[in-house]
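Undergrad: Got a file for you: entry.cif, mmCIF, C-alpha atoms.
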```cif
data_coords
loop_
_atom_site.label_atom_id
_atom_site.label_comp_id
_atom_site.auth_asym_id
_atom_site.auth_seq_id
_atom_site.Cartn_x
_atom_site.Cartn_y
_atom_site.Cartn_z
CA MET A 1 -38.25 81.42 -15.89
CA THR A 2 -36.98 79.36 -12.94
CA MET A 3 -34.66 76.37 -13.26
CA ALA A 4 -37.50 74.09 -12.20
CA GLU A 5 -39.64 75.30 -15.07
CA ARG A 6 -37.09 74.98 -17.89
CA PRO A 7 -36.56 71.22 -18.21
CA VAL A 8 -40.19 70.17 -17.70
CA LYS A 9 -41.64 70.89 -21.14
CA PRO A 10 -38.68 69.72 -23.23
CA TYR A 11 -38.37 66.52 -21.20
CA PHE A 12 -41.99 65.47 -21.60
CA GLU A 13 -42.06 66.55 -25.25
CA SER A 14 -38.93 64.52 -25.92
CA LYS A 15 -40.36 61.50 -24.13
CA ALA A 16 -43.64 61.77 -26.03
CA ASP A 17 -41.79 62.09 -29.34
CA LYS A 18 -39.74 58.99 -28.59
CA GLU A 19 -42.83 56.99 -27.67
CA ALA A 20 -44.64 58.14 -30.82
CA ALA A 21 -41.62 57.27 -32.99
CA ALA A 22 -41.33 53.84 -31.36
CA LYS A 23 -45.05 53.21 -31.86
CA LYS A 24 -44.85 54.34 -35.48
CA SER A 25 -41.80 52.17 -36.11
CA SER A 26 -43.51 49.19 -34.52
CA ALA A 27 -46.61 49.70 -36.66
CA LEU A 28 -44.47 49.97 -39.82
CA ASN A 29 -42.56 46.80 -38.95
CA THR A 30 -45.82 44.99 -38.30
CA ALA A 31 -47.25 46.12 -41.63
CA CYS A 32 -44.09 45.09 -43.50
CA GLN A 33 -44.05 41.69 -41.82
CA TRP A 34 -47.72 41.20 -42.67
CA ALA A 35 -46.98 42.00 -46.35
CA VAL A 36 -44.17 39.43 -46.37
CA ASP A 37 -46.18 36.71 -44.61
CA ASN A 38 -49.27 37.21 -46.78
CA GLN A 39 -47.77 37.72 -50.23
CA ALA A 40 -50.12 35.27 -51.91
CA GLY A 41 -53.21 36.76 -50.26
CA TRP A 42 -52.77 40.46 -50.98
CA SER A 43 -51.30 39.93 -54.46
CA LEU A 44 -54.19 37.63 -55.43
CA ALA A 45 -56.70 40.15 -54.07
CA LEU A 46 -55.07 42.99 -56.05
CA LEU A 47 -55.02 40.96 -59.26
CA ALA A 48 -58.68 40.02 -58.78
CA LEU A 49 -59.51 43.69 -58.25
CA ILE A 50 -57.57 44.72 -61.38
CA HIS A 51 -59.20 42.10 -63.58
CA GLY A 52 -62.63 42.93 -62.16
CA TYR A 53 -62.06 46.59 -62.98
CA ASP A 54 -60.84 45.63 -66.45
CA ALA A 55 -63.92 43.51 -67.20
CA VAL A 56 -66.63 45.64 -65.60
CA VAL A 57 -65.47 49.25 -65.79
CA ALA A 58 -62.74 49.48 -68.44
CA ASN A 59 -64.42 47.25 -71.05
CA ASN A 60 -61.32 45.05 -71.38
CA ALA A 61 -59.06 48.02 -72.08
CA SER A 62 -57.40 48.61 -68.71
CA PRO A 63 -53.75 49.76 -68.99
CA PHE A 64 -52.91 47.38 -66.15
CA VAL A 65 -53.79 44.35 -68.27
CA HIS A 66 -53.51 45.44 -71.92
CA LEU A 67 -50.70 47.05 -73.88
CA GLN A 68 -51.22 50.74 -74.55
CA HIS A 69 -50.10 53.27 -77.19
CA GLN A 70 -50.77 51.22 -80.30
CA ILE A 71 -49.80 53.15 -83.41
CA SER A 72 -52.90 54.22 -85.28
CA GLY A 73 -52.98 52.95 -88.87
CA ASP A 74 -49.83 50.85 -88.54
CA ALA A 75 -50.13 47.87 -90.90
CA GLU A 76 -48.28 45.58 -88.46
CA GLY A 77 -50.24 46.71 -85.41
CA ARG A 78 -47.12 47.90 -83.63
CA PHE A 79 -46.81 49.95 -80.45
CA GLU A 80 -44.85 52.93 -79.12
CA ARG A 81 -43.79 53.51 -75.56
CA GLY A 82 -45.86 55.91 -73.45
CA CYS A 83 -46.69 57.02 -69.92
CA ARG A 84 -49.50 54.47 -69.49
CA ASP A 85 -46.95 51.66 -69.75
CA VAL A 86 -46.25 52.23 -66.05
CA TYR A 87 -49.55 50.53 -65.17
CA TYR A 88 -48.59 47.40 -67.12
CA VAL A 89 -45.24 47.21 -65.30
CA LEU A 90 -46.96 47.62 -61.91
CA TYR A 91 -49.38 44.83 -62.81
CA TRP A 92 -46.47 42.46 -63.41
CA VAL A 93 -44.77 43.47 -60.17
CA VAL A 94 -47.89 42.21 -58.36
CA ALA A 95 -48.29 39.22 -60.67
CA PHE A 96 -44.71 38.06 -60.12
CA THR A 97 -45.21 38.34 -56.37
CA LEU A 98 -48.09 35.86 -56.60
CA ILE A 99 -46.46 33.58 -59.17
CA ARG A 100 -43.17 33.44 -57.29
CA ILE A 101 -44.58 32.61 -53.87
CA THR A 102 -47.00 30.05 -55.37
CA VAL A 103 -44.31 28.25 -57.38
CA ILE A 104 -41.97 28.21 -54.37
CA ASN A 105 -44.56 27.02 -51.81
CA LYS A 106 -46.52 24.59 -53.97
CA ALA A 107 -43.84 23.11 -56.22
CA LEU A 108 -40.23 23.86 -55.35
CA GLU A 109 -40.18 23.47 -51.56
CA PRO A 110 -42.09 20.13 -51.73
CA LEU A 111 -39.58 19.07 -54.42
CA ALA A 112 -36.70 19.93 -52.09
CA ARG A 113 -38.19 17.87 -49.24
CA TRP A 114 -38.85 14.98 -51.62
CA GLY A 115 -35.21 15.23 -52.71
CA GLY A 116 -34.00 14.77 -49.15
CA VAL A 117 -33.35 18.38 -48.10
CA SER A 118 -34.05 18.39 -44.35
CA SER A 119 -32.94 21.85 -43.17
CA SER A 120 -35.79 24.36 -43.32
CA ARG A 121 -33.35 27.10 -44.30
CA LYS A 122 -32.00 25.02 -47.18
CA VAL A 123 -35.54 24.21 -48.29
CA THR A 124 -36.25 27.94 -48.40
CA ARG A 125 -33.05 28.68 -50.31
CA PHE A 126 -33.79 25.85 -52.76
CA GLY A 127 -37.18 27.40 -53.44
CA GLU A 128 -35.71 30.86 -54.00
CA GLN A 129 -32.99 29.61 -56.36
CA GLY A 130 -35.32 27.17 -58.10
CA TRP A 131 -37.71 30.01 -58.90
CA LEU A 132 -34.86 31.90 -60.57
CA VAL A 133 -34.05 28.83 -62.69
CA VAL A 134 -37.67 28.62 -63.82
CA TYR A 135 -37.85 32.32 -64.59
CA TYR A 136 -34.52 32.61 -66.41
CA VAL A 137 -35.21 29.56 -68.58
CA ILE A 138 -38.49 31.14 -69.70
CA SER A 139 -37.23 34.73 -70.00
CA ASN A 140 -34.09 33.74 -71.90
CA SER A 141 -36.06 31.52 -74.28
CA VAL A 142 -38.59 34.29 -74.97
CA GLY A 143 -35.83 36.90 -75.23
CA MET A 144 -33.88 34.85 -77.76
CA TYR A 145 -37.03 34.24 -79.78
CA VAL A 146 -37.84 37.97 -79.73
CA MET A 147 -34.32 38.76 -80.93
CA SER A 148 -34.55 36.13 -83.70
CA THR A 149 -37.58 37.96 -85.12
CA GLN A 150 -35.81 41.33 -85.12
CA PRO A 151 -33.10 42.80 -87.39
CA HIS A 152 -30.54 42.90 -84.54
CA TRP A 153 -30.35 39.10 -84.31
CA LEU A 154 -26.58 38.47 -83.91
CA ASN A 155 -25.89 41.80 -85.60
CA THR A 156 -24.97 44.83 -83.48
CA ARG A 157 -25.11 47.17 -86.50
CA HIS A 158 -28.89 47.02 -86.32
CA PHE A 159 -28.76 48.62 -82.90
CA TRP A 160 -28.24 51.83 -84.92
CA ILE A 161 -29.32 51.34 -88.54
CA ASP A 162 -32.45 53.41 -89.28
CA TYR A 163 -32.62 54.72 -85.69
CA PRO A 164 -35.10 55.92 -84.48
CA GLU A 165 -37.52 54.67 -87.18
CA GLY A 166 -38.08 50.95 -86.78
CA HIS A 167 -36.80 51.20 -83.22
CA ARG A 168 -39.53 53.24 -81.56
CA GLN A 169 -42.14 51.00 -83.20
CA MET A 170 -42.35 47.72 -81.27
CA THR A 171 -44.28 44.55 -82.01
CA ALA A 172 -46.70 43.44 -79.32
CA LEU A 173 -44.31 40.61 -78.43
CA MET A 174 -41.29 42.91 -78.12
CA LYS A 175 -43.11 45.48 -76.00
CA SER A 176 -44.79 42.97 -73.69
CA TYR A 177 -41.47 41.12 -73.25
CA TYR A 178 -39.70 44.33 -72.28
CA LEU A 179 -42.38 45.56 -69.87
CA VAL A 180 -42.72 42.15 -68.22
CA GLN A 181 -38.94 42.07 -67.71
CA MET A 182 -39.15 45.51 -66.11
CA GLY A 183 -41.88 44.22 -63.80
CA PHE A 184 -39.69 41.29 -62.82
CA TRP A 185 -36.69 43.46 -61.93
CA PHE A 186 -38.72 45.95 -59.91
CA GLN A 187 -40.24 43.00 -58.07
CA GLN A 188 -36.72 41.67 -57.44
CA ILE A 189 -36.03 44.76 -55.33
CA PHE A 190 -38.94 43.74 -53.09
CA VAL A 191 -37.58 40.17 -52.99
CA LEU A 192 -34.11 41.41 -52.05
CA LEU A 193 -35.59 43.26 -49.06
CA ILE A 194 -37.53 40.26 -47.74
CA GLU A 195 -34.96 37.52 -48.29
CA GLU A 196 -32.33 36.70 -45.68
CA ARG A 197 -29.50 39.23 -45.94
CA ARG A 198 -26.28 38.02 -47.54
CA LYS A 199 -22.81 39.50 -47.63
CA ASP A 200 -23.32 41.08 -51.05
CA PHE A 201 -26.64 42.77 -50.23
CA VAL A 202 -25.36 46.23 -51.17
CA VAL A 203 -23.89 44.91 -54.42
CA MET A 204 -27.16 43.18 -55.31
CA ALA A 205 -29.18 46.28 -54.46
CA THR A 206 -26.89 48.38 -56.67
CA HIS A 207 -27.28 45.86 -59.48
CA HIS A 208 -31.09 45.91 -59.28
CA VAL A 209 -31.28 49.72 -59.18
CA VAL A 210 -28.88 50.09 -62.12
CA THR A 211 -30.76 47.42 -64.10
CA CYS A 212 -34.11 49.15 -63.54
CA ASN A 213 -32.59 52.49 -64.59
CA LEU A 214 -31.11 51.01 -67.76
CA MET A 215 -34.36 49.35 -68.73
CA GLY A 216 -36.42 52.45 -68.05
CA TRP A 217 -34.17 54.83 -69.99
CA SER A 218 -33.61 52.40 -72.86
CA LEU A 219 -37.39 52.06 -73.26
CA TYR A 220 -37.90 55.82 -73.11
CA MET A 221 -35.10 56.56 -75.61
CA ASN A 222 -36.00 53.72 -77.99
CA TYR A 223 -32.95 51.53 -77.37
CA THR A 224 -34.94 48.37 -76.66
CA ARG A 225 -32.93 46.31 -79.16
CA ILE A 226 -29.82 46.87 -77.05
CA GLY A 227 -31.79 46.13 -73.89
CA ASN A 228 -33.07 42.88 -75.37
CA ALA A 229 -29.51 41.78 -76.24
CA ILE A 230 -28.14 42.62 -72.78
CA LEU A 231 -31.01 40.84 -71.00
CA CYS A 232 -30.31 37.68 -73.03
CA CYS A 233 -26.62 37.89 -72.12
CA MET A 234 -27.44 38.20 -68.44
CA ASP A 235 -30.22 35.61 -68.19
CA PHE A 236 -28.42 32.68 -69.83
CA SER A 237 -25.58 32.20 -67.34
CA ASP A 238 -27.94 32.80 -64.40
CA ILE A 239 -29.75 29.57 -65.32
CA PHE A 240 -26.62 27.59 -64.49
CA LEU A 241 -25.72 29.72 -61.46
CA SER A 242 -29.00 29.10 -59.67
CA GLY A 243 -29.20 25.57 -61.07
CA THR A 244 -25.83 24.68 -59.55
CA LYS A 245 -27.01 25.88 -56.14
CA CYS A 246 -30.17 23.78 -56.37
CA LEU A 247 -28.13 20.69 -57.31
CA ARG A 248 -25.90 21.24 -54.28
CA TYR A 249 -28.89 21.44 -51.97
CA LEU A 250 -30.03 18.09 -53.39
CA LYS A 251 -26.50 16.72 -52.75
CA LEU A 252 -26.01 15.88 -56.44
CA GLU A 253 -22.33 16.77 -56.17
CA LYS A 254 -21.01 15.43 -59.50
CA THR A 255 -23.88 16.97 -61.46
CA SER A 256 -23.43 20.27 -59.63
CA VAL A 257 -19.73 20.35 -60.60
CA VAL A 258 -20.61 19.81 -64.27
CA SER A 259 -23.25 22.55 -64.03
CA PHE A 260 -20.72 24.83 -62.35
CA VAL A 261 -18.18 24.33 -65.14
CA VAL A 262 -20.83 25.14 -67.77
CA PHE A 263 -21.78 28.19 -65.72
CA ILE A 264 -18.20 29.51 -65.70
CA PHE A 265 -17.83 29.26 -69.49
CA THR A 266 -21.26 30.78 -70.19
CA TRP A 267 -20.57 33.56 -67.68
CA ILE A 268 -17.26 34.52 -69.33
CA TYR A 269 -18.71 34.36 -72.85
CA THR A 270 -22.00 36.18 -72.25
CA ARG A 271 -21.30 38.54 -69.35
CA HIS A 272 -17.81 39.63 -70.36
CA TYR A 273 -17.13 38.94 -74.07
CA LEU A 274 -20.59 39.61 -75.55
CA TYR A 275 -21.33 42.34 -73.02
CA MET A 276 -18.13 44.19 -73.95
CA LYS A 277 -19.00 43.84 -77.65
CA ILE A 278 -22.29 45.57 -76.93
CA MET A 279 -20.52 48.33 -75.00
CA TYR A 280 -18.08 48.78 -77.90
CA SER A 281 -21.01 49.05 -80.30
CA ILE A 282 -22.61 51.74 -78.13
CA TYR A 283 -19.56 53.91 -77.82
CA SER A 284 -17.84 53.33 -81.17
CA GLU A 285 -19.85 51.45 -83.81
CA SER A 286 -22.83 53.77 -83.40
CA LEU A 287 -20.79 56.68 -84.77
CA THR A 288 -20.59 54.90 -88.12
CA TYR A 289 -24.34 54.96 -88.61
CA LEU A 290 -25.57 58.07 -86.80
CA PRO A 291 -24.58 61.74 -86.70
CA VAL A 292 -22.85 62.83 -83.49
CA ASP A 293 -25.80 64.86 -82.22
CA ASN A 294 -29.16 63.45 -83.23
CA TRP A 295 -31.42 64.90 -80.54
CA ASP A 296 -35.00 65.04 -81.80
CA PRO A 297 -37.43 63.95 -79.05
CA GLU A 298 -40.50 64.71 -81.16
CA ASN A 299 -39.44 61.96 -83.56
CA GLY A 300 -38.07 59.63 -80.88
CA SER A 301 -34.36 60.27 -81.41
CA TYR A 302 -32.13 60.62 -78.33
CA TYR A 303 -28.63 60.02 -79.69
CA THR A 304 -25.98 62.39 -78.35
CA ARG A 305 -22.53 62.12 -76.79
CA ASN A 306 -24.00 62.85 -73.36
CA VAL A 307 -26.58 60.09 -73.74
CA LEU A 308 -23.90 57.61 -74.80
CA PHE A 309 -21.71 58.67 -71.88
CA ASN A 310 -24.52 58.23 -69.33
CA PHE A 311 -25.46 54.80 -70.69
CA SER A 312 -21.78 53.81 -70.68
CA ILE A 313 -21.49 54.84 -67.01
CA LEU A 314 -24.46 52.68 -66.01
CA LEU A 315 -23.27 49.75 -68.13
CA GLY A 316 -19.77 50.22 -66.72
CA ILE A 317 -21.09 50.01 -63.15
CA LEU A 318 -22.90 46.82 -64.10
CA GLN A 319 -19.71 45.35 -65.57
CA LEU A 320 -17.75 46.24 -62.41
CA LEU A 321 -20.33 44.36 -60.34
CA ILE A 322 -20.03 41.39 -62.71
CA ILE A 323 -16.23 41.46 -62.33
CA TYR A 324 -16.65 41.52 -58.53
CA TRP A 325 -18.91 38.46 -58.72
CA PHE A 326 -16.51 36.72 -61.08
CA ALA A 327 -13.73 37.23 -58.51
CA LEU A 328 -15.95 35.35 -56.05
CA VAL A 329 -16.45 32.64 -58.68
CA LEU A 330 -12.67 32.29 -58.98
CA ARG A 331 -12.52 31.81 -55.20
CA ILE A 332 -14.99 28.96 -55.59
CA VAL A 333 -12.86 27.47 -58.40
CA TYR A 334 -9.88 27.53 -56.05
CA ARG A 335 -11.90 25.76 -53.36
CA VAL A 336 -13.07 23.10 -55.82
CA ILE A 337 -9.58 22.39 -57.17
CA PHE A 338 -7.57 22.56 -53.96
CA LEU A 339 -10.13 22.02 -51.19
CA SER A 340 -12.83 19.96 -52.97
CA ASN A 341 -15.45 22.37 -51.64
CA LEU A 342 -18.05 23.81 -54.02
CA GLU A 343 -19.59 26.58 -51.90
CA ASP A 344 -21.03 30.00 -52.71
CA SER A 345 -18.66 32.59 -51.22
CA ARG A 346 -21.58 34.95 -50.60
CA SER A 347 -23.44 32.47 -48.40
CA ASP A 348 -21.01 31.63 -45.62
CA SER A 349 -23.38 32.83 -42.90
CA GLU A 350 -26.16 30.80 -44.46
CA SER A 351 -24.07 27.63 -44.37
CA ASP A 352 -23.19 28.24 -40.74
CA GLY A 353 -26.87 28.59 -39.90
CA ASP A 354 -27.64 25.35 -41.71
CA ASP A 355 -24.94 23.51 -39.78
CA ASP A 356 -26.32 24.79 -36.47
CA GLU A 357 -29.82 23.76 -37.46
CA ASP A 358 -28.67 20.29 -38.48
CA LYS A 359 -26.88 19.87 -35.13
CA ARG A 360 -30.02 20.91 -33.24
CA SER A 361 -32.11 18.42 -35.23
CA LEU A 362 -29.62 15.62 -34.52
CA LYS A 363 -29.60 16.45 -30.78
CA GLU A 364 -33.41 16.42 -30.66
CA LYS A 365 -33.48 12.98 -32.31
CA LYS A 366 -30.98 11.61 -29.78
CA THR A 367 -33.09 13.00 -26.93
CA GLU A 368 -36.17 11.26 -28.27
#
```
Before we go any further, please render this structure as structure tokens.

TA:
Amino acid sequence: MTMAERPVKPYFESKADKEAAAKKSSALNTACQWAVDNQAGWSLALLALIHGYDAVVANNASPFVHLQHQISGDAEGRFERGCRDVYYVLYWVVAFTLIRITVINKALEPLARWGGVSSSRKVTRFGEQGWLVVYYVISNSVGMYVMSTQPHWLNTRHFWIDYPEGHRQMTALMKSYYLVQMGFWFQQIFVLLIEERRKDFVVMATHHVVTCNLMGWSLYMNYTRIGNAILCCMDFSDIFLSGTKCLRYLKLEKTSVVSFVVFIFTWIYTRHYLYMKIMYSIYSESLTYLPVDNWDPENGSYYTRNVLFNFSILLGILQLLIIYWFALVLRIVYRVIFLSNLEDSRSDSESDGDDDEDKRSLKEKKTE
């Protein structure tokens, strides 16, 4: 083979590969952007297709729309968890995509403009945070009601008493609440990818992945009572976190400070004190009520030292993320006390962008 012959084939192959990769990447980016820009359209079409299938083909028994795995002969009509629950979760991932974008576009962004928010970026952020307020108010209210109907209401001992009997059997309300929450958190991963990147993107992504893992394994291993308690702890303070941001966008400074103070106290109480009580119950209190190794999958029992250790690792990671966020909260407290500046430490780049946009708008007005 001559020197002239050797580079010809590799060069053209390499060039063709690069062009194909660039074309493929461009097509993927275009498809992703289309999915983001048309969330309402494709999610509505999918939901219409699912409900059409449910009514016409599945005789109102589709696993996408209706709870599955009802216990035969159970006097209370309770349910167990099962593989077909995945369809119900997927349904709510799509449903939340439609509900979220509709609430933001049709209610929250018009509210922001009516409230005097002029920057388009701030209007968008108001819509995103306002949606979280709406969701957390509803989810926390439902979660607290679910807990009030269960034996573990304000009593961690009932995380373990009679396990797994009474735990693997779920009321329709308990099961639908848990699966809908799973749908919300899987959909939040999609939201995280399409929203403007913030400084704590990696931390948020870790939080969402850990949360989805905890919910999935707790459902599978019949620890939904613990999951219900942790979700209620998390949701409550988030109402005031997102609410404070919305109040700041509306320039309701005094009200936002009051909301921020309430947020700090609820955060400490629910996300640190109550959360650590739950972790203590998992790793210590449980030993009082259950034998050390109670592994019996056929009867729904998954209690062993290894299981406790793995759950503790995931919950520990979650608590470390919460501590990281609380450190940022303390930075904000310092700014409020000494600098009179209530600003989210994670959103510095966002604020800079807003300032630039406001300056451009002011310059355009002067030109006119």

Undergrad: Under the PyMOL selection byres ((chain A and resi 235-251) around 9), which residues of this model are included? Write them out as number ranges by chain.

TA: A: 112, 115-117, 122-123, 125-137, 139-141, 230-234, 252-260, 262-268, 270-271, 342-344

Undergrad: Any idea what the distance is between atom CA of Leu90 of chain A and atom CA of Leu321 of chain A?

TA: 26.9 Å

Undergrad: Report as a list in words the full result of the PyMOL selection byres ((chain A and resi 297-299) around 12) when it is applied to this structure.

TA: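 When the PyMOL selection byres ((chain A and resi 297-299) around 12) is applied to the shown file, the picked residues are Glu80, Tyr163, Pro164, Glu165, Gly166, His167, Arg168, Gln169, Tyr220, Met221, Asn222, Asn294, Trp295, Asp296, Gly300, Ser301, Tyr302, Tyr303 and Thr304 of chain A.
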
Undergrad: In terms of the shortest atom-to-atom distance over all atoms listed in the file, which of A:Ala27, A:Ile99, A:Leu308, A:Leu192 is closest to Tyr223 of chain A?

TA: A:Leu308

Undergrad: Quick one: everything within 9 Å of segment 143-147 of chain A, counting all atoms listed in the file, minus sequence neighbours fewer than 4 positions away in the same chain. Send it as a list of chain:residue names.

TA: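 What passes the distance filter is A:Ile138, A:Ser139, A:Pro151, A:His152, A:Trp153, A:Leu154, A:Leu173, A:Met174, A:Tyr177, A:Tyr178, A:Arg225, A:Asn228, A:Ala229, A:Leu231, A:Cys232.
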
Undergrad: Choose the residue, out of A:Tyr87, A:Tyr269, A:Phe64, A:Trp92, that has the smallest atom-to-atom separation from Ser43 of chain A; count all atoms listed in the file.

TA: A:Trp92

Undergrad: Pick out the residues sitting within 10 Å of segment 44-46 of chain A, and hand them over as a list in words; count only C-alpha atoms, and ignore anything fewer than 5 positions along from it in its own chain.

TA: Asn38, Gln39, His51, Gly52, Tyr91, Val94, Ala95, Thr97, Leu98 and Ile99 of chain A

Undergrad: Can you turn the PyMOL selection byres ((chain A and resi 203) around 12) into a concrete residue list for this file, as an MDAnalysis selection string?

TA: chainID A and resid 192 197:202 204:210 317:325 346

Undergrad: Between atom CA of Tyr275 of chain A and atom CA of Phe96 of chain A, what is the distance in Å, rounded to a tenth?

TA: 27.0 Å

Undergrad: Give me the box for segment 330-339 of chain A as JSON, namely the centre and edge lengths in Å to one decimal of a box along x, y and z that holds every listed atom plus 4 Å on each side.

TA:
```
{"center_x": -11.3, "center_y": 27.2, "center_z": -55.1, "size_x": 15.4, "size_y": 18.3, "size_z": 15.8}
```

Undergrad: Between atom CA of Ile194 of chain A and atom CA of Asn105 of chain A, what distance in Å does the model show, to one decimal?

TA: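 Spanning atom CA of Ile194 of chain A to atom CA of Asn105 of chain A is a straight-line distance of 15.5 Å.
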